[in-house]
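Asks: This is the content of upload-v9.txt (compact mmCIF, C-alpha atoms and all ligand atoms):
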```
# COMPACT_ATOMS: atom_id res chain seq x y z
CA MET A 648 6.14 -26.64 -2.62
CA SER A 649 3.71 -26.11 0.18
CA ALA A 650 6.81 -26.30 2.34
CA ILE A 651 7.98 -23.07 0.73
CA ALA A 652 4.97 -21.27 2.03
CA THR A 653 4.60 -22.84 5.42
CA ARG A 654 7.90 -24.23 6.68
CA SER A 655 8.88 -21.24 8.75
CA VAL A 656 5.42 -20.82 10.17
CA GLN A 657 5.85 -23.87 12.35
CA SER A 658 9.37 -23.26 13.48
CA MET A 659 9.77 -19.70 14.54
CA GLY A 660 8.37 -16.22 14.70
CA CYS A 661 6.52 -13.93 17.01
CA ALA A 662 2.99 -14.28 15.70
CA THR A 663 1.50 -14.91 19.09
CA ALA A 664 3.59 -12.38 20.97
CA PRO A 665 1.56 -9.41 22.14
CA SER A 666 2.29 -6.22 20.29
CA ASP A 667 2.80 -3.14 22.36
CA ALA A 668 0.07 -0.62 21.55
CA LYS A 669 1.15 2.92 22.38
CA PRO A 670 -1.62 5.34 21.47
CA GLY A 671 -0.60 8.97 21.53
CA GLN A 672 0.32 11.79 19.23
CA ARG A 673 1.03 10.56 15.72
CA GLU A 674 3.23 11.67 12.85
CA VAL A 675 1.62 10.13 9.78
CA PHE A 676 0.21 11.49 6.51
CA CYS A 677 -3.54 11.30 5.95
CA GLY A 678 -5.18 8.94 3.47
CA LEU A 679 -5.31 11.57 0.72
CA THR A 680 -1.69 10.70 0.03
CA GLY A 681 -2.77 7.52 -1.77
CA ILE A 682 -4.07 9.65 -4.63
CA ILE A 683 -0.47 10.32 -5.60
CA TRP A 684 0.13 6.77 -6.77
CA LEU A 685 -3.48 5.76 -7.48
CA HIS A 686 -4.05 8.50 -10.08
CA ARG A 687 -1.04 7.21 -11.99
CA LYS A 688 -2.24 3.63 -11.73
CA ILE A 689 -5.88 3.95 -12.84
CA GLN A 690 -5.35 5.87 -16.03
CA ASP A 691 -8.92 6.95 -16.75
CA ALA A 692 -9.90 7.86 -13.20
CA PHE A 693 -10.13 11.27 -11.60
CA PHE A 694 -9.79 11.90 -7.86
CA LEU A 695 -11.79 14.90 -6.73
CA VAL A 696 -10.91 15.76 -3.15
CA VAL A 697 -13.72 17.59 -1.44
CA GLY A 698 -11.61 19.53 0.98
CA SER A 699 -9.76 22.65 1.98
CA ARG A 700 -6.79 24.51 0.55
CA THR A 701 -4.59 22.52 2.94
CA CYS A 702 -5.75 19.28 1.31
CA ALA A 703 -5.10 20.78 -2.14
CA HIS A 704 -1.59 21.80 -1.10
CA LEU A 705 -0.85 18.38 0.32
CA ILE A 706 -1.56 16.44 -2.84
CA GLN A 707 -0.29 19.15 -5.17
CA SER A 708 3.08 19.39 -3.50
CA ALA A 709 3.44 15.66 -2.93
CA ALA A 710 2.42 14.66 -6.45
CA GLY A 711 4.18 17.50 -8.26
CA VAL A 712 2.69 19.39 -11.15
CA MET A 713 1.84 17.54 -14.33
CA ILE A 714 3.15 19.84 -17.00
CA PHE A 715 2.39 17.91 -20.16
CA ALA A 716 -0.78 16.13 -19.21
CA GLU A 717 -4.16 17.08 -17.86
CA PRO A 718 -4.08 16.34 -14.13
CA ARG A 719 -6.16 13.45 -12.86
CA PHE A 720 -6.73 14.82 -9.40
CA GLY A 721 -8.08 18.08 -8.08
CA THR A 722 -9.76 19.66 -5.10
CA ALA A 723 -13.25 21.07 -4.82
CA ILE A 724 -12.44 23.69 -2.22
CA ILE A 725 -14.87 23.99 0.66
CA GLY A 726 -14.98 27.73 1.29
CA GLU A 727 -15.96 29.75 4.29
CA ARG A 728 -19.53 30.07 3.03
CA ASP A 729 -19.83 26.25 2.95
CA LEU A 730 -18.30 25.94 6.40
CA ALA A 731 -20.69 28.52 7.75
CA GLY A 732 -23.62 26.65 6.19
CA LEU A 733 -24.44 29.63 3.95
CA ALA A 734 -24.09 27.72 0.70
CA ASP A 735 -25.59 24.43 -0.37
CA ALA A 736 -22.44 22.33 -0.57
CA ASN A 737 -24.21 19.61 -2.57
CA GLU A 738 -25.29 22.09 -5.18
CA GLU A 739 -21.78 23.50 -5.42
CA LEU A 740 -20.31 20.01 -5.72
CA ASP A 741 -22.73 19.06 -8.52
CA LYS A 742 -21.70 22.17 -10.43
CA VAL A 743 -17.99 21.37 -10.08
CA VAL A 744 -18.52 17.76 -11.18
CA THR A 745 -20.70 18.72 -14.15
CA LYS A 746 -18.11 21.19 -15.34
CA LEU A 747 -15.26 18.74 -14.85
CA LEU A 748 -16.94 15.88 -16.72
CA ALA A 749 -17.98 18.14 -19.59
CA ARG A 750 -14.40 19.28 -20.01
CA ARG A 751 -12.86 15.83 -19.52
CA PRO A 752 -14.74 13.18 -21.52
CA ASP A 753 -11.80 10.79 -20.95
CA ILE A 754 -12.78 10.29 -17.29
CA ARG A 755 -14.45 6.91 -16.72
CA THR A 756 -14.33 6.70 -12.93
CA LEU A 757 -14.70 9.69 -10.66
CA PHE A 758 -13.77 9.27 -7.01
CA LEU A 759 -15.20 11.84 -4.61
CA VAL A 760 -12.63 11.78 -1.85
CA GLY A 761 -13.70 12.90 1.61
CA SER A 762 -11.41 14.98 3.82
CA CYS A 763 -11.42 16.41 7.34
CA PRO A 764 -13.38 19.53 6.29
CA SER A 765 -16.02 17.54 4.39
CA GLU A 766 -16.44 15.36 7.46
CA VAL A 767 -16.64 18.36 9.76
CA ILE A 768 -19.49 19.89 7.77
CA LYS A 769 -21.04 16.41 7.52
CA LEU A 770 -21.24 16.48 3.75
CA ASP A 771 -22.66 13.09 2.78
CA LEU A 772 -20.39 12.10 -0.09
CA ALA A 773 -21.91 8.62 -0.36
CA LYS A 774 -25.26 10.19 -1.20
CA ALA A 775 -23.61 12.72 -3.51
CA ALA A 776 -21.83 9.89 -5.35
CA GLN A 777 -25.11 7.97 -5.74
CA ARG A 778 -26.87 11.06 -7.09
CA LEU A 779 -24.07 11.88 -9.52
CA ALA A 780 -23.63 8.24 -10.55
CA GLN A 781 -27.26 8.12 -11.67
CA ARG A 782 -26.82 11.30 -13.59
CA PHE A 783 -23.62 10.37 -15.42
CA ALA A 784 -24.11 6.60 -15.88
CA PRO A 785 -23.14 4.67 -17.90
CA ALA A 786 -20.33 6.86 -19.22
CA VAL A 787 -18.86 7.62 -15.81
CA ARG A 788 -18.83 5.59 -12.60
CA VAL A 789 -18.96 7.90 -9.56
CA LEU A 790 -17.70 6.48 -6.25
CA ASN A 791 -16.64 7.88 -2.91
CA TYR A 792 -14.28 7.08 -0.11
CA SER A 793 -12.69 8.90 2.78
CA GLY A 794 -9.06 10.01 2.78
CA SER A 795 -9.47 12.29 5.77
CA GLY A 796 -6.90 12.52 8.51
CA ILE A 797 -9.68 11.90 11.03
CA GLU A 798 -10.53 8.50 9.56
CA THR A 799 -7.45 7.31 7.74
CA THR A 800 -3.68 7.38 7.81
CA PHE A 801 -1.47 7.34 4.75
CA THR A 802 -1.85 3.96 3.02
CA GLU A 803 -5.35 3.41 4.40
CA GLY A 804 -6.47 5.77 1.64
CA GLU A 805 -5.62 3.14 -0.96
CA ASP A 806 -7.46 0.50 1.04
CA ALA A 807 -10.57 2.71 1.22
CA CYS A 808 -10.35 3.49 -2.50
CA LEU A 809 -10.10 -0.18 -3.51
CA ALA A 810 -12.90 -1.14 -1.12
CA SER A 811 -15.14 1.37 -2.92
CA LEU A 812 -14.47 -0.50 -6.17
CA VAL A 813 -15.44 -3.94 -4.85
CA PRO A 814 -19.26 -3.46 -5.03
CA GLU A 815 -18.77 -2.43 -8.68
CA MET A 816 -17.10 -5.72 -9.57
CA ALA A 817 -19.35 -8.10 -11.49
CA THR A 818 -20.06 -11.64 -10.30
CA PRO A 819 -18.76 -14.30 -12.68
CA PRO A 820 -21.23 -16.82 -14.08
CA GLN A 821 -21.65 -20.09 -12.18
CA GLY A 822 -19.00 -22.63 -13.08
CA ALA A 823 -16.55 -19.96 -14.27
CA GLU A 824 -12.92 -21.03 -14.15
CA LYS A 825 -10.88 -20.26 -11.04
CA SER A 826 -9.19 -16.87 -11.22
CA LEU A 827 -6.40 -15.16 -9.34
CA LEU A 828 -6.73 -11.58 -8.16
CA VAL A 829 -3.78 -9.55 -6.93
CA LEU A 830 -4.98 -6.94 -4.44
CA GLY A 831 -3.04 -3.68 -4.09
CA ALA A 832 -1.57 -1.08 -6.42
CA LEU A 833 1.67 -2.17 -8.03
CA ALA A 834 3.94 -0.31 -10.43
CA ASP A 835 3.05 -1.34 -14.00
CA VAL A 836 6.49 -2.82 -14.55
CA VAL A 837 6.07 -5.08 -11.50
CA GLU A 838 2.56 -6.07 -12.55
CA ASP A 839 3.91 -7.14 -15.97
CA GLN A 840 6.65 -9.22 -14.35
CA PHE A 841 4.15 -11.02 -12.14
CA ARG A 842 1.80 -11.59 -15.07
CA ARG A 843 4.63 -13.29 -16.98
CA LEU A 844 5.54 -15.50 -14.03
CA PHE A 845 1.92 -16.54 -13.42
CA ALA A 846 1.52 -17.29 -17.14
CA GLU A 847 4.64 -19.47 -17.08
CA LEU A 848 3.21 -21.30 -14.09
CA GLY A 849 0.09 -21.99 -16.14
CA ILE A 850 -2.18 -19.70 -14.10
CA ALA A 851 -4.13 -18.24 -16.96
CA LYS A 852 -6.74 -15.97 -15.46
CA VAL A 853 -5.00 -13.26 -13.44
CA ASP A 854 -6.44 -9.84 -12.60
CA PHE A 855 -5.16 -6.89 -10.64
CA LEU A 856 -7.09 -4.56 -8.37
CA PRO A 857 -6.86 -1.66 -9.07
CA PRO A 858 -6.92 -2.20 -12.84
CA ARG A 859 -5.12 0.21 -15.17
CA ARG A 860 -8.38 1.10 -16.90
CA SER A 861 -11.87 1.28 -15.43
CA ALA A 862 -13.32 -1.06 -18.07
CA ASP A 863 -10.95 -3.78 -16.87
CA LEU A 864 -12.42 -3.94 -13.38
CA PRO A 865 -12.22 -7.68 -12.62
CA GLN A 866 -15.04 -9.97 -11.62
CA VAL A 867 -15.16 -11.46 -8.13
CA GLY A 868 -16.93 -14.48 -6.71
CA PRO A 869 -16.41 -17.79 -4.92
CA ASN A 870 -14.08 -18.93 -7.71
CA THR A 871 -11.71 -16.02 -6.98
CA ARG A 872 -8.49 -16.61 -5.05
CA PHE A 873 -6.62 -13.49 -4.06
CA LEU A 874 -3.13 -12.55 -2.97
CA LEU A 875 -2.25 -9.39 -1.10
CA ALA A 876 0.32 -7.25 -2.86
CA GLN A 877 0.29 -4.72 -0.03
CA PRO A 878 -0.08 -5.26 3.70
CA PHE A 879 -2.62 -2.49 4.29
CA GLN A 880 -5.67 -3.90 2.48
CA THR A 881 -7.81 -4.57 5.55
CA ILE A 882 -11.23 -3.39 4.37
CA SER A 883 -10.79 -4.23 0.69
CA ALA A 884 -9.71 -7.79 1.60
CA ARG A 885 -12.78 -8.11 3.82
CA ALA A 886 -15.02 -6.77 1.04
CA LEU A 887 -13.62 -9.37 -1.38
CA GLU A 888 -14.15 -12.13 1.17
CA GLU A 889 -17.74 -11.01 1.61
CA ARG A 890 -18.16 -11.61 -2.13
CA GLY A 891 -16.91 -15.17 -1.67
CA ALA A 892 -13.27 -14.69 -2.69
CA VAL A 893 -10.68 -16.68 -0.76
CA ARG A 894 -7.39 -15.16 0.37
CA LEU A 895 -4.26 -17.21 -0.24
CA ARG A 896 -2.14 -17.00 2.87
CA ALA A 897 1.39 -15.93 2.13
CA PRO A 898 4.00 -13.39 3.15
CA LEU A 899 4.25 -10.29 0.96
CA PRO A 900 6.35 -10.46 -2.23
CA PHE A 901 9.37 -8.56 -0.90
CA GLY A 902 12.79 -10.08 -1.39
CA VAL A 903 13.58 -13.57 -2.60
CA GLU A 904 11.93 -15.41 0.26
CA GLY A 905 8.72 -13.38 0.27
CA THR A 906 8.33 -13.46 -3.51
CA THR A 907 8.96 -17.21 -3.69
CA ALA A 908 6.46 -17.95 -0.93
CA TRP A 909 3.89 -15.58 -2.47
CA LEU A 910 4.14 -17.14 -5.93
CA GLY A 911 4.32 -20.54 -4.24
CA ALA A 912 0.96 -20.01 -2.52
CA ALA A 913 -0.71 -19.49 -5.91
CA ALA A 914 1.20 -22.40 -7.43
CA VAL A 915 0.01 -24.74 -4.66
CA GLU A 916 -3.57 -23.55 -5.10
CA TRP A 917 -3.37 -24.22 -8.85
CA GLY A 918 -1.67 -27.59 -8.35
CA VAL A 919 1.46 -26.58 -10.27
CA ASP A 920 4.10 -29.29 -10.31
CA PRO A 921 6.84 -28.33 -7.77
CA GLU A 922 9.53 -29.07 -10.34
CA ARG A 923 7.86 -26.73 -12.82
CA PHE A 924 7.65 -24.06 -10.11
CA ARG A 925 11.36 -24.34 -9.39
CA GLU A 926 12.15 -24.08 -13.12
CA VAL A 927 10.00 -20.98 -13.60
CA VAL A 928 11.40 -19.07 -10.64
CA ALA A 929 15.00 -20.27 -10.97
CA ALA A 930 16.39 -17.51 -13.20
CA PRO A 931 14.73 -14.45 -11.59
CA ARG A 932 15.42 -15.91 -8.17
CA LYS A 933 19.10 -16.27 -8.98
CA ARG A 934 19.24 -12.70 -10.29
CA ALA A 935 17.63 -11.45 -7.07
CA GLU A 936 19.97 -13.47 -4.87
CA SER A 937 23.03 -12.10 -6.60
CA ALA A 938 21.62 -8.54 -6.44
CA LEU A 939 21.14 -8.93 -2.69
CA GLN A 940 24.63 -10.32 -2.16
CA ARG A 941 26.16 -6.88 -2.66
CA TYR A 942 24.05 -5.34 0.07
CA ARG A 943 24.32 -8.11 2.64
CA GLU A 944 27.76 -7.01 3.72
CA ARG A 945 26.60 -3.42 4.13
CA LEU A 946 23.39 -4.18 6.03
CA SER A 947 24.35 -7.24 8.03
CA GLY A 948 24.38 -6.52 11.75
CA LYS A 949 23.02 -3.00 11.23
CA ARG A 950 20.50 -2.04 13.89
CA ILE A 951 17.26 -0.73 12.39
CA PHE A 952 14.39 1.10 14.09
CA PHE A 953 11.03 1.51 12.32
CA PHE A 954 8.66 4.32 13.20
CA PRO A 955 5.04 3.61 12.20
CA ASP A 956 4.18 5.08 8.84
CA SER A 957 3.15 3.06 5.80
CA GLN A 958 2.14 -0.32 7.31
CA LEU A 959 4.93 -1.82 5.20
CA GLU A 960 7.12 -1.98 8.30
CA ILE A 961 6.56 -5.62 9.28
CA PRO A 962 7.25 -7.22 5.88
CA LEU A 963 10.20 -4.92 5.28
CA ALA A 964 11.64 -5.72 8.71
CA ARG A 965 11.28 -9.42 7.92
CA PHE A 966 13.13 -8.91 4.62
CA LEU A 967 15.92 -6.88 6.20
CA HIS A 968 16.46 -9.38 8.98
CA ARG A 969 16.16 -12.67 7.13
CA GLU A 970 17.74 -11.80 3.81
CA LEU A 971 20.22 -9.12 4.78
CA GLY A 972 21.07 -9.95 8.38
CA ALA A 973 19.92 -6.64 9.89
CA GLU A 974 18.96 -6.47 13.57
CA LEU A 975 15.50 -5.15 14.40
CA VAL A 976 15.52 -2.76 17.34
CA GLU A 977 11.82 -1.89 17.15
CA VAL A 978 9.18 -2.35 14.48
CA GLY A 979 6.50 0.32 14.76
CA THR A 980 3.39 0.07 12.63
CA PRO A 981 0.32 2.34 12.55
CA TYR A 982 -2.06 -0.64 12.67
CA LEU A 983 -1.46 -4.33 13.08
CA ASN A 984 -3.91 -6.63 11.35
CA ARG A 985 -2.87 -9.94 12.89
CA LYS A 986 -4.90 -11.97 10.42
CA LEU A 987 -3.37 -10.45 7.31
CA MET A 988 0.08 -10.24 8.89
CA ALA A 989 0.13 -13.73 10.43
CA GLU A 990 2.56 -15.17 7.88
CA GLU A 991 4.85 -12.16 8.20
CA LEU A 992 4.84 -12.17 12.01
CA GLU A 993 5.83 -15.84 11.98
CA LEU A 994 8.95 -14.92 10.07
CA LEU A 995 10.13 -12.18 12.43
CA PRO A 996 12.73 -13.30 14.95
CA PRO A 997 11.12 -14.23 18.29
CA GLY A 998 11.04 -11.33 20.69
CA THR A 999 11.03 -8.59 18.04
CA PRO A 1000 9.37 -5.55 19.66
CA VAL A 1001 6.36 -4.83 17.44
CA VAL A 1002 4.75 -1.55 18.47
CA GLU A 1003 1.31 -0.70 17.18
CA GLN A 1004 0.16 2.92 16.87
CA GLN A 1005 2.37 5.60 18.25
CA ASP A 1006 3.21 7.92 21.03
CA VAL A 1007 5.78 9.81 19.06
CA GLU A 1008 7.58 11.45 21.98
CA ARG A 1009 8.10 8.19 23.83
CA GLN A 1010 9.12 6.46 20.65
CA LEU A 1011 11.68 9.17 19.92
CA ASP A 1012 13.09 8.67 23.41
CA ARG A 1013 13.42 4.94 22.79
CA ALA A 1014 15.05 5.53 19.40
CA ARG A 1015 17.59 7.95 20.86
CA ALA A 1016 18.38 5.59 23.73
CA ALA A 1017 18.83 2.65 21.36
CA ASP A 1018 21.10 4.67 19.04
CA PRO A 1019 20.30 2.56 15.95
CA ASP A 1020 22.29 2.62 12.72
CA LEU A 1021 19.20 3.50 10.70
CA VAL A 1022 15.75 4.87 11.49
CA VAL A 1023 12.94 4.36 8.97
CA CYS A 1024 10.40 7.12 9.52
CA GLY A 1025 8.13 9.76 8.02
CA LEU A 1026 9.40 13.00 6.55
CA GLY A 1027 8.52 15.02 9.65
CA LEU A 1028 10.86 13.04 11.89
CA ALA A 1029 13.69 12.49 9.44
CA ASN A 1030 15.24 15.96 9.47
CA PRO A 1031 15.43 16.37 13.25
CA LEU A 1032 16.89 12.88 13.63
CA GLU A 1033 19.45 13.51 10.88
CA ALA A 1034 20.42 16.71 12.68
CA GLU A 1035 21.06 14.58 15.77
CA GLY A 1036 23.43 12.39 13.75
CA ILE A 1037 21.05 9.46 13.15
CA ALA A 1038 20.82 8.08 9.59
CA THR A 1039 17.22 7.95 8.33
CA LYS A 1040 15.24 6.49 5.49
CA TRP A 1041 12.04 8.23 4.40
CA ALA A 1042 9.31 5.64 4.61
CA ILE A 1043 7.33 7.39 1.86
CA GLU A 1044 10.01 6.45 -0.69
CA LEU A 1045 9.25 2.80 0.02
CA VAL A 1046 5.65 3.37 -1.02
CA PHE A 1047 6.50 5.29 -4.19
CA SER A 1048 9.25 3.00 -5.46
CA PRO A 1049 8.77 -0.32 -7.25
CA ILE A 1050 10.01 -2.73 -4.55
CA HIS A 1051 7.99 -5.92 -5.08
CA GLY A 1052 9.20 -9.10 -6.69
CA TYR A 1053 12.50 -10.68 -7.66
CA GLU A 1054 13.68 -8.01 -10.07
CA GLN A 1055 13.28 -5.23 -7.52
CA ALA A 1056 14.87 -7.04 -4.55
CA GLY A 1057 18.26 -5.40 -5.10
CA ASP A 1058 16.68 -1.94 -5.45
CA LEU A 1059 14.78 -2.50 -2.21
CA ALA A 1060 17.99 -3.39 -0.36
CA GLU A 1061 19.69 -0.36 -1.86
CA LEU A 1062 17.01 1.95 -0.49
CA PHE A 1063 18.18 0.98 3.00
CA ALA A 1064 21.89 0.81 2.22
CA ARG A 1065 22.10 4.28 0.64
CA PRO A 1066 21.43 6.38 3.76
CA LEU A 1067 23.98 4.32 5.69
CA GLU A 1068 26.58 5.03 3.03
CA ARG A 1069 25.71 8.71 2.97
CA ARG A 1070 26.06 8.88 6.74
CA ALA A 1071 29.38 6.99 6.59
CA ARG A 1072 30.69 9.48 4.01
CA LEU A 1073 29.61 12.40 6.19
CA GLU A 1074 31.46 10.94 9.13
CA VAL A 1075 34.75 10.47 7.24
FE1 LIG B 1101 -5.10 17.85 6.35
FE2 LIG B 1101 -7.34 16.46 6.80
FE3 LIG B 1101 -6.94 17.61 4.41
FE4 LIG B 1101 -5.48 15.50 5.14
S1 LIG B 1101 -7.70 15.54 4.80
S2 LIG B 1101 -4.70 17.39 4.19
S3 LIG B 1101 -5.25 15.83 7.36
S4 LIG B 1101 -7.19 18.67 6.37
```
Would you kindly transcribe this structure into structure tokens?
Replies:
Amino acid sequence: MSAIATRSVQSMGCATAPSDAKPGQREVFCGLTGIIWLHRKIQDAFFLVVGSRTCAHLIQSAAGVMIFAEPRFGTAIIGERDLAGLADANEELDKVVTKLLARRPDIRTLFLVGSCPSEVIKLDLAKAAQRLAQRFAPAVRVLNYSGSGIETTFTEGEDACLASLVPEMATPPQGAEKSLLVLGALADVVEDQFRRLFAELGIAKVDFLPPRRSADLPQVGPNTRFLLAQPFQTISARALEERGAVRLRAPLPFGVEGTTAWLGAAAVEWGVDPERFREVVAAPRKRAESALQRYRERLSGKRIFFFPDSQLEIPLARFLHRELGAELVEVGTPYLNRKLMAEELELLPPGTPVVEQQDVERQLDRARAADPDLVVCGLGLANPLEAEGIATKWAIELVFSPIHGYEQAGDLAELFARPLERRARLEV
């Protein structure tokens, strides 16, 4: 079974090829965006953005309005008086938090989320979180991280959020059994599927970070092995490693190949019999293969261009090329963590242009010149490109949709096939 995880690593790929870093003007959401999926995932947490009306509008319009439930995110607006240094921002923040927690006794973890304005006025949210944590412990855990556009882009917000949880994770007692930790927010339905598969493989102790409830924050120590569920967990992975946890090297669980190798890495670590592994994955793997069959015809040979957005670009490009036969014109990514992406890079066809960071104007020129069948990009670029007759896929949909694992492989392929079909219908 180790062959499942490592075979391709020796034979092909562009892991050692230099990526082309093109710093310049960017077109990416800030890290506040992560609140949209994180507030749904951690059900007793509240995300209090300390920011401006712009920040409030961003998350409000992206997350929609919760009509039937109390919202689990909000913004403490930094007003002109705060910006001018006329008000004590710490005092104001304490008042907002006290009022919020009195009204919402269901909150167990409160994240103070930094923004561009809170950074500009140099509001020390780490100190504020410490002060408020002392005041509201043990009922409420108060943490902080930055989601500002100065420090973070898009999915880095989740990474920063999860890294803030790591110091809160208890250390297991010496001699505790080996445990598996899955790092990265997954849709609940996907988490349940993976739990079932791990249980069938005989891997008993499995935790997920983030947990659904604050009380279920897992332990971490030298007996912890962890798998990345998302490619953008740079600082949270490092924080886990600093606690002694060991990362299992594997591609991301996208598509049949990625999911099999990902599960396979855990199975090898737990010494699962290869025959047992094949038995456990056989049925879902077959379902995924037949789901992908339908899309192979539609995506095979299609030329795809990725603009940098979510950091999912490299694993998704690998999936599109290897399982659906798509051609990769350019794979842009906001940041390239070669260590975490090593297994993915090995699986890209040699010579794939991987472009780190972005100079959006030059990248647009390259995209137009290449005239691809599909461009995967952020919302801001999609409309102009569509108007020019280029089919686009909104990268943000790939972050919001359940796309991991065998059962979602067909849905993932469909997300790319749909805009091509729409464009084909428009051209008829
Ligand atoms: Fe804009 Fe910065 Fe607020 Fe993000 S954090 S919405 S980039 S002001």
Asks: Using only C-alpha atoms and all ligand atoms, find each residue of chain A with at least one atom at most 7 Å away from an atom of ligand LIG 1101 (chain B); report its shortest atom-to-atom pair and that distance in Å (one decimal), sort the rows by chain and rising residue number, and return the result as JSON lines.
Replies:
```
{"residue": "A:Cys677", "atom": "CA", "partner": "B:LIG1101", "partner_atom": "FE4", "distance": 4.7}
{"residue": "A:Gly678", "atom": "CA", "partner": "B:LIG1101", "partner_atom": "FE4", "distance": 6.8}
{"residue": "A:Leu679", "atom": "CA", "partner": "B:LIG1101", "partner_atom": "FE4", "distance": 5.9}
{"residue": "A:Gly698", "atom": "CA", "partner": "B:LIG1101", "partner_atom": "FE3", "distance": 6.1}
{"residue": "A:Ser699", "atom": "CA", "partner": "B:LIG1101", "partner_atom": "FE3", "distance": 6.3}
{"residue": "A:Thr701", "atom": "CA", "partner": "B:LIG1101", "partner_atom": "S2", "distance": 5.3}
{"residue": "A:Cys702", "atom": "CA", "partner": "B:LIG1101", "partner_atom": "S2", "distance": 3.6}
{"residue": "A:Leu705", "atom": "CA", "partner": "B:LIG1101", "partner_atom": "S2", "distance": 5.5}
{"residue": "A:Ser762", "atom": "CA", "partner": "B:LIG1101", "partner_atom": "S1", "distance": 3.9}
{"residue": "A:Cys763", "atom": "CA", "partner": "B:LIG1101", "partner_atom": "FE2", "distance": 4.1}
{"residue": "A:Pro764", "atom": "CA", "partner": "B:LIG1101", "partner_atom": "S4", "distance": 6.2}
{"residue": "A:Gly794", "atom": "CA", "partner": "B:LIG1101", "partner_atom": "S1", "distance": 6.0}
{"residue": "A:Ser795", "atom": "CA", "partner": "B:LIG1101", "partner_atom": "S1", "distance": 3.8}
{"residue": "A:Gly796", "atom": "CA", "partner": "B:LIG1101", "partner_atom": "S3", "distance": 3.9}
{"residue": "A:Ile797", "atom": "CA", "partner": "B:LIG1101", "partner_atom": "FE2", "distance": 6.6}
```
Asks: When you look at range 766-783 of chain A with a cut-off of 9 Å (counting all atoms listed in the file), what residues show up, excluding the ones that are within fewer than 2 positions of it in the same chain? I need them as number ranges by chain.
Replies: A: 697, 729-732, 736-737, 740-741, 744-745, 748, 757-764, 785-793, 795, 797
Asks: Which residue is closest to Glu838 in chain A? Choose from A:Leu895, A:Val743, A:Val867, A:Ala876 and count all atoms listed in the file.
Replies: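 For Glu838 in chain A, the nearest of the given residues is A:Ala876.
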Asks: For Pro931 in chain A, work out the shell of residues within 9 Å, counting all atoms listed in the file and skipping chain neighbours fewer than 5 positions away, then give it as a tab-separated table (two decimals) with C-alpha atoms, in the frame of the given file.
Replies:
```
chain	number	residue	atom	x	y	z
A	936	GLU	CA	19.97	-13.47	-4.87
A	1053	TYR	CA	12.50	-10.68	-7.66
A	1054	GLU	CA	13.68	-8.01	-10.07
```
Asks: Could you give me, as a PyMOL selection string, the residues that have an atom at most 10 Å away from the point (10.3, 6.9, 0.0) in the coordinates of the file, using only C-alpha atoms?
Replies: chain A and resi 957+1023-1026+1040-1048+1062
Asks: Figure out the distance between CA of Ile754 in chain A and CA of Glu888 in chain A, please, to one decimal in Å.
Replies: 29.1 Å
Asks: Would you mind reading off the distance between CA of Ala973 in chain A and CA of Ala1014 in chain A, one decimal, in Å?
Replies: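 Atom-to-atom, CA of Ala973 in chain A to CA of Ala1014 in chain A, that is 16.2 Å.
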Asks: With distances taken over only C-alpha atoms, which of A:Ala823, A:Gly831, A:Ala709, A:Ala703 is nearest to Ile725 in chain A?
Replies: A:Ala703
Asks: Give the answer as one residue: which of A:Val853, A:Ala1029, A:Ala884, A:Ala935 has the shortest atom-to-atom distance to Trp917 in chain A, using all atoms listed in the file?
Replies: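 For Trp917 in chain A, the nearest of the given residues is A:Val853.
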Asks: Sort by chain and increasing residue number a table of all residues of range 845-920 of chain A within 9 Å of range 977-989 of chain A, each with its closest pair of atoms and their distance in Å to one decimal, counting all atoms listed in the file, and write it as CSV.
Replies:
```
residue,atom,partner,partner_atom,distance
A:Leu875,CA,A:Leu987,CA,8.6
A:Pro878,CA,A:Leu987,CA,7.1
A:Phe879,CA,A:Asn984,CA,8.3
A:Gln880,CA,A:Leu987,CA,8.5
A:Thr881,CA,A:Asn984,CA,7.3
A:Ala884,CA,A:Leu987,CA,8.9
A:Arg896,CA,A:Leu987,CA,8.0
A:Ala897,CA,A:Ala989,CA,8.7
A:Pro898,CA,A:Met988,CA,7.6
A:Leu899,CA,A:Met988,CA,9.0
```
Asks: Name all residues at most 7 Å from Phe901 in chain A (count only C-alpha atoms; drop same-chain ones fewer than 2 positions away) and give them as a PyMOL selection string.
Replies: chain A and resi 899+903+905-906+966+1050-1052+1056
Asks: Taking the point (-11.4, 6.3, -12.3) as given in the file, collect each protein or nucleic acid residue that comes within 7 Å of it, counting only C-alpha atoms, and present the set as a list of chain:residue names.
Replies: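 Nearby residues: A:Ile689, A:Asp691, A:Ala692, A:Phe693, A:Ile754, A:Arg755, A:Thr756, A:Leu757, A:Phe758, A:Ser861.
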Asks: What does the distance from CA of Ile682 in chain A to CA of Ala886 in chain A come to in Å, to one decimal?
Replies: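 Spanning CA of Ile682 in chain A to CA of Ala886 in chain A is a straight-line distance of 20.5 Å.
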Asks: Let me make sure I understand: among A:Leu685, A:Ile961, A:Ala913, A:Ala784, which one has the smallest atom-to-atom distance to Glu990 in chain A if we use all atoms listed in the file?
Replies: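 For Glu990 in chain A, the nearest of the candidates is A:Ile961.
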